[in-house]
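Structure file work30.cif with mmCIF, N, CA and C atoms:
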data_input
loop_
_atom_site.label_atom_id
_atom_site.label_comp_id
_atom_site.auth_asym_id
_atom_site.auth_seq_id
_atom_site.Cartn_x
_atom_site.Cartn_y
_atom_site.Cartn_z
N MET A 704 30.23 -45.48 3.71
CA MET A 704 29.37 -44.33 3.95
C MET A 704 28.25 -44.69 4.91
N THR A 705 27.80 -43.72 5.64
CA THR A 705 26.66 -43.91 6.51
C THR A 705 25.38 -43.65 5.72
N THR A 706 24.29 -44.10 6.25
CA THR A 706 23.01 -43.87 5.58
C THR A 706 22.73 -42.37 5.45
N ASP A 707 23.06 -41.58 6.47
CA ASP A 707 22.85 -40.13 6.38
C ASP A 707 23.70 -39.52 5.28
N THR A 708 24.94 -39.97 5.16
CA THR A 708 25.83 -39.48 4.11
C THR A 708 25.29 -39.88 2.74
N ASP A 709 24.80 -41.11 2.65
CA ASP A 709 24.20 -41.58 1.39
C ASP A 709 22.98 -40.74 1.02
N ARG A 710 22.11 -40.49 1.98
CA ARG A 710 20.92 -39.67 1.72
C ARG A 710 21.32 -38.29 1.24
N ALA A 711 22.29 -37.69 1.90
CA ALA A 711 22.74 -36.35 1.50
C ALA A 711 23.33 -36.38 0.09
N ALA A 712 24.09 -37.40 -0.25
CA ALA A 712 24.67 -37.51 -1.59
C ALA A 712 23.58 -37.67 -2.65
N ILE A 713 22.55 -38.44 -2.34
CA ILE A 713 21.45 -38.64 -3.30
C ILE A 713 20.66 -37.36 -3.47
N LEU A 714 20.35 -36.66 -2.38
CA LEU A 714 19.62 -35.39 -2.50
C LEU A 714 20.44 -34.36 -3.28
N LYS A 715 21.75 -34.35 -3.09
CA LYS A 715 22.62 -33.45 -3.84
C LYS A 715 22.59 -33.81 -5.32
N LEU A 716 22.60 -35.08 -5.66
CA LEU A 716 22.52 -35.54 -7.05
C LEU A 716 21.24 -35.00 -7.71
N ILE A 717 20.11 -35.10 -7.01
CA ILE A 717 18.84 -34.62 -7.56
C ILE A 717 18.86 -33.09 -7.67
N GLU A 718 19.41 -32.41 -6.67
CA GLU A 718 19.53 -30.96 -6.74
C GLU A 718 20.39 -30.54 -7.94
N ASP A 719 21.45 -31.27 -8.20
CA ASP A 719 22.31 -30.97 -9.35
C ASP A 719 21.55 -31.14 -10.67
N ILE A 720 20.69 -32.14 -10.75
CA ILE A 720 19.86 -32.31 -11.95
C ILE A 720 18.91 -31.13 -12.09
N ASP A 721 18.31 -30.69 -10.99
CA ASP A 721 17.43 -29.52 -11.03
C ASP A 721 18.18 -28.30 -11.57
N LEU A 722 19.39 -28.06 -11.04
CA LEU A 722 20.20 -26.91 -11.49
C LEU A 722 20.61 -27.06 -12.95
N ALA A 723 20.90 -28.27 -13.38
CA ALA A 723 21.27 -28.50 -14.78
C ALA A 723 20.11 -28.17 -15.72
N HIS A 724 18.87 -28.40 -15.28
CA HIS A 724 17.71 -27.99 -16.07
C HIS A 724 17.73 -26.46 -16.23
N HIS A 725 17.92 -25.75 -15.12
CA HIS A 725 17.96 -24.29 -15.17
C HIS A 725 19.02 -23.81 -16.15
N ASP A 726 20.18 -24.47 -16.13
CA ASP A 726 21.29 -24.08 -17.00
C ASP A 726 21.17 -24.63 -18.42
N ARG A 727 20.13 -25.43 -18.65
CA ARG A 727 19.89 -26.04 -19.97
C ARG A 727 21.09 -26.88 -20.41
N ASP A 728 21.63 -27.65 -19.47
CA ASP A 728 22.84 -28.43 -19.68
C ASP A 728 22.49 -29.91 -19.76
N ALA A 729 22.25 -30.40 -20.95
CA ALA A 729 21.83 -31.79 -21.15
C ALA A 729 22.87 -32.77 -20.63
N ALA A 730 24.14 -32.47 -20.81
CA ALA A 730 25.19 -33.38 -20.34
C ALA A 730 25.12 -33.57 -18.83
N ARG A 731 24.91 -32.48 -18.10
CA ARG A 731 24.79 -32.57 -16.64
C ARG A 731 23.49 -33.25 -16.20
N ILE A 732 22.44 -33.11 -17.00
CA ILE A 732 21.18 -33.77 -16.66
C ILE A 732 21.35 -35.29 -16.75
N VAL A 733 21.99 -35.77 -17.79
CA VAL A 733 22.09 -37.22 -18.01
C VAL A 733 23.27 -37.85 -17.26
N ALA A 734 24.24 -37.06 -16.80
CA ALA A 734 25.46 -37.61 -16.19
C ALA A 734 25.20 -38.58 -15.02
N PRO A 735 24.22 -38.33 -14.15
CA PRO A 735 24.03 -39.24 -13.01
C PRO A 735 23.32 -40.55 -13.35
N PHE A 736 22.90 -40.72 -14.59
CA PHE A 736 22.18 -41.93 -14.97
C PHE A 736 23.16 -43.01 -15.39
N ALA A 737 22.91 -44.22 -14.92
CA ALA A 737 23.73 -45.37 -15.31
C ALA A 737 23.45 -45.72 -16.77
N ALA A 738 24.43 -46.31 -17.40
CA ALA A 738 24.22 -46.82 -18.76
C ALA A 738 23.08 -47.83 -18.71
N GLY A 739 22.16 -47.69 -19.64
CA GLY A 739 21.03 -48.61 -19.69
C GLY A 739 19.93 -48.33 -18.68
N ALA A 740 19.98 -47.19 -18.00
CA ALA A 740 18.92 -46.85 -17.05
C ALA A 740 17.57 -46.87 -17.76
N LEU A 741 16.58 -47.42 -17.11
CA LEU A 741 15.24 -47.54 -17.68
C LEU A 741 14.41 -46.35 -17.24
N ILE A 742 13.91 -45.58 -18.22
CA ILE A 742 13.17 -44.37 -17.93
C ILE A 742 11.71 -44.53 -18.36
N PHE A 743 10.81 -44.33 -17.41
CA PHE A 743 9.38 -44.23 -17.68
C PHE A 743 9.06 -42.75 -17.51
N ASP A 744 9.01 -42.02 -18.62
CA ASP A 744 8.93 -40.57 -18.61
C ASP A 744 7.54 -40.11 -19.00
N LEU A 745 7.31 -38.81 -18.87
CA LEU A 745 6.03 -38.24 -19.27
C LEU A 745 5.82 -38.36 -20.78
N ALA A 746 6.87 -38.13 -21.55
CA ALA A 746 6.78 -38.17 -23.02
C ALA A 746 6.89 -39.62 -23.50
N PRO A 747 6.23 -39.95 -24.62
CA PRO A 747 6.37 -41.27 -25.21
C PRO A 747 7.81 -41.55 -25.61
N PRO A 748 8.17 -42.79 -25.79
CA PRO A 748 7.39 -44.02 -25.65
C PRO A 748 7.20 -44.42 -24.18
N LEU A 749 6.61 -45.58 -23.96
CA LEU A 749 6.34 -46.02 -22.60
C LEU A 749 7.62 -46.23 -21.80
N ALA A 750 8.68 -46.67 -22.46
CA ALA A 750 9.96 -46.90 -21.79
C ALA A 750 11.08 -46.48 -22.73
N LYS A 751 12.15 -45.92 -22.16
CA LYS A 751 13.28 -45.48 -22.96
C LYS A 751 14.52 -45.40 -22.09
N SER A 752 15.62 -45.02 -22.69
CA SER A 752 16.84 -44.78 -21.93
C SER A 752 17.05 -43.27 -21.86
N MET A 753 17.97 -42.84 -21.02
CA MET A 753 18.26 -41.42 -20.88
C MET A 753 19.35 -41.07 -21.89
N GLU A 754 18.97 -40.30 -22.90
CA GLU A 754 19.89 -39.96 -23.98
C GLU A 754 20.12 -38.46 -24.03
N LYS A 755 21.38 -38.06 -24.09
CA LYS A 755 21.73 -36.65 -24.13
C LYS A 755 21.08 -35.94 -25.31
N ALA A 756 21.07 -36.56 -26.50
CA ALA A 756 20.49 -35.92 -27.69
C ALA A 756 19.01 -35.64 -27.50
N GLU A 757 18.29 -36.57 -26.89
CA GLU A 757 16.86 -36.37 -26.66
C GLU A 757 16.62 -35.26 -25.64
N VAL A 758 17.43 -35.22 -24.59
CA VAL A 758 17.30 -34.17 -23.59
C VAL A 758 17.62 -32.81 -24.21
N SER A 759 18.66 -32.75 -25.04
CA SER A 759 19.01 -31.50 -25.73
C SER A 759 17.87 -31.03 -26.62
N ALA A 760 17.27 -31.95 -27.35
CA ALA A 760 16.15 -31.60 -28.22
C ALA A 760 14.99 -31.05 -27.40
N TRP A 761 14.70 -31.68 -26.26
CA TRP A 761 13.61 -31.20 -25.41
C TRP A 761 13.93 -29.82 -24.86
N LEU A 762 15.16 -29.61 -24.38
CA LEU A 762 15.55 -28.30 -23.85
C LEU A 762 15.42 -27.21 -24.91
N SER A 763 15.64 -27.55 -26.16
CA SER A 763 15.58 -26.56 -27.23
C SER A 763 14.16 -26.08 -27.52
N THR A 764 13.15 -26.72 -26.93
CA THR A 764 11.76 -26.29 -27.15
C THR A 764 11.35 -25.19 -26.18
N TRP A 765 12.25 -24.82 -25.26
CA TRP A 765 11.94 -23.84 -24.23
C TRP A 765 12.77 -22.58 -24.43
N GLU A 766 12.18 -21.47 -24.05
CA GLU A 766 12.85 -20.16 -24.09
C GLU A 766 13.39 -19.88 -22.69
N GLY A 767 14.65 -19.56 -22.59
CA GLY A 767 15.22 -19.24 -21.28
C GLY A 767 15.41 -20.48 -20.43
N PRO A 768 15.59 -20.26 -19.13
CA PRO A 768 15.86 -21.40 -18.24
C PRO A 768 14.63 -22.30 -18.09
N VAL A 769 14.90 -23.54 -17.81
CA VAL A 769 13.86 -24.49 -17.44
C VAL A 769 13.99 -24.68 -15.93
N GLU A 770 13.03 -24.14 -15.20
CA GLU A 770 13.07 -24.23 -13.74
C GLU A 770 12.50 -25.57 -13.32
N ARG A 771 13.29 -26.33 -12.58
CA ARG A 771 12.80 -27.58 -12.02
C ARG A 771 13.18 -27.61 -10.56
N ARG A 772 12.20 -27.94 -9.72
CA ARG A 772 12.52 -28.07 -8.30
C ARG A 772 11.83 -29.31 -7.76
N SER A 773 12.46 -29.86 -6.76
CA SER A 773 11.97 -31.07 -6.12
C SER A 773 11.33 -30.71 -4.79
N ARG A 774 10.34 -31.51 -4.42
CA ARG A 774 9.65 -31.26 -3.16
C ARG A 774 9.24 -32.57 -2.51
N ASP A 775 9.27 -32.58 -1.20
CA ASP A 775 8.81 -33.72 -0.40
C ASP A 775 9.52 -35.02 -0.78
N LEU A 776 10.83 -34.93 -0.98
CA LEU A 776 11.59 -36.12 -1.35
C LEU A 776 11.82 -37.00 -0.13
N ALA A 777 11.48 -38.27 -0.26
CA ALA A 777 11.75 -39.27 0.77
C ALA A 777 12.78 -40.23 0.21
N VAL A 778 13.88 -40.40 0.92
CA VAL A 778 14.98 -41.24 0.46
C VAL A 778 15.10 -42.46 1.36
N THR A 779 15.13 -43.63 0.74
CA THR A 779 15.35 -44.88 1.46
C THR A 779 16.63 -45.51 0.92
N VAL A 780 17.54 -45.87 1.82
CA VAL A 780 18.81 -46.47 1.43
C VAL A 780 18.94 -47.82 2.12
N GLU A 781 19.25 -48.83 1.34
CA GLU A 781 19.53 -50.17 1.86
C GLU A 781 20.77 -50.69 1.15
N GLY A 782 21.92 -50.60 1.80
CA GLY A 782 23.16 -51.06 1.19
C GLY A 782 23.50 -50.26 -0.04
N ASP A 783 23.63 -50.94 -1.17
CA ASP A 783 23.99 -50.29 -2.43
C ASP A 783 22.78 -49.94 -3.30
N LEU A 784 21.59 -50.04 -2.72
CA LEU A 784 20.37 -49.68 -3.44
C LEU A 784 19.64 -48.58 -2.67
N ALA A 785 18.98 -47.70 -3.43
CA ALA A 785 18.21 -46.63 -2.81
C ALA A 785 17.05 -46.26 -3.71
N PHE A 786 16.00 -45.71 -3.12
CA PHE A 786 14.94 -45.14 -3.94
C PHE A 786 14.45 -43.86 -3.30
N VAL A 787 13.95 -42.99 -4.17
CA VAL A 787 13.47 -41.68 -3.78
C VAL A 787 12.06 -41.53 -4.34
N THR A 788 11.16 -41.02 -3.54
CA THR A 788 9.83 -40.67 -4.02
C THR A 788 9.57 -39.21 -3.67
N GLY A 789 8.78 -38.56 -4.50
CA GLY A 789 8.44 -37.18 -4.24
C GLY A 789 7.83 -36.52 -5.45
N PHE A 790 7.90 -35.20 -5.47
CA PHE A 790 7.28 -34.41 -6.53
C PHE A 790 8.32 -33.54 -7.21
N LEU A 791 8.13 -33.34 -8.51
CA LEU A 791 8.98 -32.45 -9.30
C LEU A 791 8.10 -31.38 -9.92
N HIS A 792 8.53 -30.14 -9.83
CA HIS A 792 7.81 -29.05 -10.47
C HIS A 792 8.68 -28.49 -11.59
N THR A 793 8.10 -28.36 -12.77
CA THR A 793 8.82 -27.83 -13.93
C THR A 793 8.07 -26.63 -14.45
N ARG A 794 8.83 -25.59 -14.82
CA ARG A 794 8.22 -24.37 -15.37
C ARG A 794 9.19 -23.75 -16.36
N SER A 795 8.64 -23.33 -17.50
CA SER A 795 9.41 -22.58 -18.49
C SER A 795 8.43 -21.95 -19.47
N THR A 796 8.98 -21.30 -20.48
CA THR A 796 8.19 -20.66 -21.52
C THR A 796 8.48 -21.35 -22.84
N THR A 797 7.42 -21.72 -23.53
CA THR A 797 7.62 -22.40 -24.81
C THR A 797 8.21 -21.45 -25.84
N LYS A 798 9.10 -21.98 -26.68
CA LYS A 798 9.64 -21.17 -27.77
C LYS A 798 8.55 -20.87 -28.77
N GLU A 799 7.75 -21.88 -29.07
CA GLU A 799 6.67 -21.70 -30.02
C GLU A 799 5.46 -21.16 -29.29
N GLY A 800 5.13 -19.91 -29.52
CA GLY A 800 3.95 -19.30 -28.92
C GLY A 800 4.21 -18.54 -27.63
N GLY A 801 5.36 -18.74 -27.00
CA GLY A 801 5.68 -18.01 -25.78
C GLY A 801 4.75 -18.28 -24.61
N HIS A 802 4.23 -19.50 -24.51
CA HIS A 802 3.30 -19.85 -23.43
C HIS A 802 4.06 -20.26 -22.17
N ASP A 803 3.57 -19.77 -21.04
CA ASP A 803 4.11 -20.22 -19.76
C ASP A 803 3.57 -21.61 -19.51
N ALA A 804 4.46 -22.54 -19.27
CA ALA A 804 4.05 -23.92 -18.98
C ALA A 804 4.59 -24.29 -17.61
N ALA A 805 3.75 -24.91 -16.81
CA ALA A 805 4.17 -25.34 -15.48
C ALA A 805 3.35 -26.55 -15.09
N TRP A 806 4.00 -27.51 -14.44
CA TRP A 806 3.28 -28.70 -14.00
C TRP A 806 4.07 -29.38 -12.89
N TRP A 807 3.31 -30.06 -12.04
CA TRP A 807 3.86 -30.95 -11.04
C TRP A 807 3.76 -32.37 -11.56
N CYS A 808 4.72 -33.19 -11.23
CA CYS A 808 4.60 -34.62 -11.52
C CYS A 808 5.10 -35.40 -10.32
N ARG A 809 4.69 -36.64 -10.29
CA ARG A 809 5.15 -37.57 -9.26
C ARG A 809 6.41 -38.23 -9.78
N ALA A 810 7.32 -38.56 -8.89
CA ALA A 810 8.56 -39.20 -9.34
C ALA A 810 8.98 -40.30 -8.37
N THR A 811 9.47 -41.38 -8.95
CA THR A 811 10.16 -42.43 -8.21
C THR A 811 11.49 -42.63 -8.91
N ILE A 812 12.56 -42.53 -8.15
CA ILE A 812 13.91 -42.64 -8.69
C ILE A 812 14.62 -43.76 -7.95
N CYS A 813 15.12 -44.73 -8.70
CA CYS A 813 15.84 -45.86 -8.11
C CYS A 813 17.32 -45.71 -8.44
N LEU A 814 18.15 -45.90 -7.43
CA LEU A 814 19.59 -45.72 -7.58
C LEU A 814 20.35 -46.95 -7.12
N ARG A 815 21.52 -47.12 -7.69
CA ARG A 815 22.45 -48.18 -7.29
C ARG A 815 23.83 -47.55 -7.11
N ARG A 816 24.53 -47.97 -6.09
CA ARG A 816 25.90 -47.50 -5.91
C ARG A 816 26.78 -48.31 -6.88
N ILE A 817 27.39 -47.62 -7.82
CA ILE A 817 28.26 -48.23 -8.82
C ILE A 817 29.61 -47.55 -8.73
N ASP A 818 30.66 -48.34 -8.52
CA ASP A 818 32.01 -47.78 -8.38
C ASP A 818 32.03 -46.64 -7.35
N SER A 819 31.40 -46.86 -6.22
CA SER A 819 31.37 -45.94 -5.08
C SER A 819 30.58 -44.65 -5.33
N ARG A 820 29.80 -44.59 -6.42
CA ARG A 820 28.99 -43.39 -6.71
C ARG A 820 27.54 -43.82 -6.94
N TRP A 821 26.62 -42.99 -6.48
CA TRP A 821 25.21 -43.26 -6.72
C TRP A 821 24.87 -42.94 -8.17
N ARG A 822 24.21 -43.88 -8.84
CA ARG A 822 23.75 -43.72 -10.22
C ARG A 822 22.28 -44.07 -10.30
N ILE A 823 21.55 -43.28 -11.09
CA ILE A 823 20.13 -43.56 -11.29
C ILE A 823 20.02 -44.71 -12.29
N VAL A 824 19.31 -45.77 -11.88
CA VAL A 824 19.13 -46.94 -12.75
C VAL A 824 17.70 -47.04 -13.27
N HIS A 825 16.79 -46.30 -12.62
CA HIS A 825 15.41 -46.28 -13.09
C HIS A 825 14.76 -44.98 -12.59
N GLN A 826 13.98 -44.37 -13.46
CA GLN A 826 13.21 -43.18 -13.06
C GLN A 826 11.83 -43.28 -13.68
N HIS A 827 10.84 -43.02 -12.85
CA HIS A 827 9.45 -43.05 -13.31
C HIS A 827 8.80 -41.73 -12.91
N THR A 828 8.36 -40.97 -13.89
CA THR A 828 7.60 -39.75 -13.63
C THR A 828 6.22 -39.90 -14.23
N SER A 829 5.24 -39.31 -13.56
CA SER A 829 3.88 -39.42 -14.07
C SER A 829 3.05 -38.22 -13.64
N VAL A 830 2.05 -37.93 -14.44
CA VAL A 830 1.04 -36.93 -14.14
C VAL A 830 -0.29 -37.67 -14.13
N PRO A 831 -1.09 -37.53 -13.07
CA PRO A 831 -2.39 -38.18 -13.09
C PRO A 831 -3.27 -37.60 -14.19
N PHE A 832 -4.26 -38.35 -14.59
CA PHE A 832 -5.20 -37.80 -15.56
C PHE A 832 -6.61 -37.94 -15.02
N TYR A 833 -7.47 -37.07 -15.50
CA TYR A 833 -8.84 -37.05 -15.01
C TYR A 833 -9.61 -38.26 -15.53
N MET A 834 -10.30 -38.91 -14.62
CA MET A 834 -11.05 -40.12 -14.93
C MET A 834 -12.52 -39.80 -15.20
N ASP A 835 -12.78 -38.63 -15.77
CA ASP A 835 -14.14 -38.17 -16.04
C ASP A 835 -14.55 -38.39 -17.50
N GLY A 836 -13.75 -39.16 -18.21
CA GLY A 836 -14.05 -39.41 -19.62
C GLY A 836 -13.27 -38.51 -20.56
N THR A 837 -12.69 -37.42 -20.04
CA THR A 837 -11.90 -36.54 -20.90
C THR A 837 -10.47 -37.06 -21.06
N PHE A 838 -9.98 -37.79 -20.06
CA PHE A 838 -8.62 -38.33 -20.03
C PHE A 838 -7.56 -37.24 -20.19
N LEU A 839 -7.88 -36.01 -19.77
CA LEU A 839 -6.92 -34.92 -19.81
C LEU A 839 -5.91 -35.05 -18.68
N ALA A 840 -4.67 -34.69 -18.97
CA ALA A 840 -3.64 -34.69 -17.94
C ALA A 840 -4.01 -33.67 -16.87
N ALA A 841 -3.86 -34.05 -15.62
CA ALA A 841 -4.22 -33.19 -14.50
C ALA A 841 -3.02 -32.33 -14.10
N THR A 842 -2.61 -31.44 -15.01
CA THR A 842 -1.43 -30.61 -14.77
C THR A 842 -1.73 -29.45 -13.82
N ASP A 843 -2.97 -29.29 -13.43
CA ASP A 843 -3.33 -28.20 -12.52
C ASP A 843 -3.25 -28.61 -11.04
N LEU A 844 -2.91 -29.85 -10.77
CA LEU A 844 -2.82 -30.33 -9.38
C LEU A 844 -1.52 -29.85 -8.73
N GLU A 845 -1.57 -29.71 -7.42
CA GLU A 845 -0.39 -29.38 -6.64
C GLU A 845 -0.28 -30.37 -5.49
N PRO A 846 0.94 -30.63 -5.02
CA PRO A 846 1.08 -31.54 -3.88
C PRO A 846 0.40 -30.97 -2.66
N PRO A 847 0.00 -31.83 -1.73
CA PRO A 847 -0.61 -31.33 -0.50
C PRO A 847 0.39 -30.47 0.28
N PRO A 848 -0.13 -29.51 1.04
CA PRO A 848 0.78 -28.64 1.82
C PRO A 848 1.57 -29.40 2.86
#

Can you turn what I pasted into structure tokens?
Amino acid sequence: MTTDTDRAAILKLIEDIDLAHHDRDAARIVAPFAAGALIFDLAPPLAKSMEKAEVSAWLSTWEGPVERRSRDLAVTVEGDLAFVTGFLHTRSTTKEGGHDAAWWCRATICLRRIDSRWRIVHQHTSVPFYMDGTFLAATDLEPPP
């Protein structure tokens, strides 16, 4: 594959994960992750693996589709390794209380070509927090235009 083809395949993989969120399809969300992928996610614990049961449980806390979209993704490919940096926006309505929830987070996704297919081997998402003593998550921030 060429680097351009690799980049397109990786962006398609991330787009498919975004669509799987909308469809509330936990199996499709976890499918691109390699066995043993290390996940540094917004929710505790500090490190975990990508598990279908956990994703299903999280999806069940939302009413209707979970909208997730990616923005400003930069893809770097070197041989059988690649990484992506950018922003993810998530929005849905909570089942409990019917609250509209929306937030941007930063993401770094590391991939390895395994058996001729790109697989996510590490994903790190984070939300900055205010350093004013409140330590509140800064979910009101948006990426620069």

Q: Enumerate, as JSON, numbers by chain, the residues matched when the PyMOL selection byres ((chain A and resi 753-758) around 7) is run on the file above.
A: {"A": [729, 730, 733, 739, 740, 741, 742, 751, 752, 759, 760, 761, 762, 763]}

Q. Pick from A:Glu845, A:Asp719, A:Asp818, A:Asp709: nearest to Val787 of chain A, with only C-alpha atoms counted?
A.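 Smallest distance to Val787 of chain A is found for A:Asp709.
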
Extract, using only N, CA and C atoms, all DNA, RNA and protein residues at most 7 Å from Arg731 of chain A, discarding same-chain residues fewer than 6 positions from it, and format them as an mmCIF file with N, CA and C atoms, in the coordinates of the input.
data_model
loop_
_atom_site.group_PDB
_atom_site.id
_atom_site.type_symbol
_atom_site.label_atom_id
_atom_site.label_comp_id
_atom_site.auth_asym_id
_atom_site.auth_seq_id
_atom_site.Cartn_x
_atom_site.Cartn_y
_atom_site.Cartn_z
ATOM 1 N N ASP A 719 21.450 -31.270 -8.200
ATOM 2 C CA ASP A 719 22.310 -30.970 -9.350
ATOM 3 C C ASP A 719 21.550 -31.140 -10.670
ATOM 4 N N ILE A 720 20.690 -32.140 -10.750
ATOM 5 C CA ILE A 720 19.860 -32.310 -11.950
ATOM 6 C C ILE A 720 18.910 -31.130 -12.090
ATOM 7 N N ALA A 723 20.900 -28.270 -13.380
ATOM 8 C CA ALA A 723 21.270 -28.500 -14.780
ATOM 9 C C ALA A 723 20.110 -28.170 -15.720
ATOM 10 N N HIS A 724 18.870 -28.400 -15.280
ATOM 11 C CA HIS A 724 17.710 -27.990 -16.070
ATOM 12 C C HIS A 724 17.730 -26.460 -16.230
#

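Closest approach to Ile823 of chain A from the set A:Gly789, A:Gly782, A:Pro735, A:Pro748 is made by A:Pro735, with distances taken over only C-alpha atoms.
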
Q: Determine which residues of chain A receive a DSSP assignment of strand (DSSP E), computed from the backbone, and state them as a PyMOL selection string.
A: chain A and resi 736-743+765-781+784-797+803-817+820-829

Q. Nearest to Leu776 of chain A among A:Thr788, A:Thr842, A:Ser795, A:Thr764, with distances taken over only C-alpha atoms: which residue is it?
A.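 Result for the nearest residue to Leu776 of chain A: A:Thr788.
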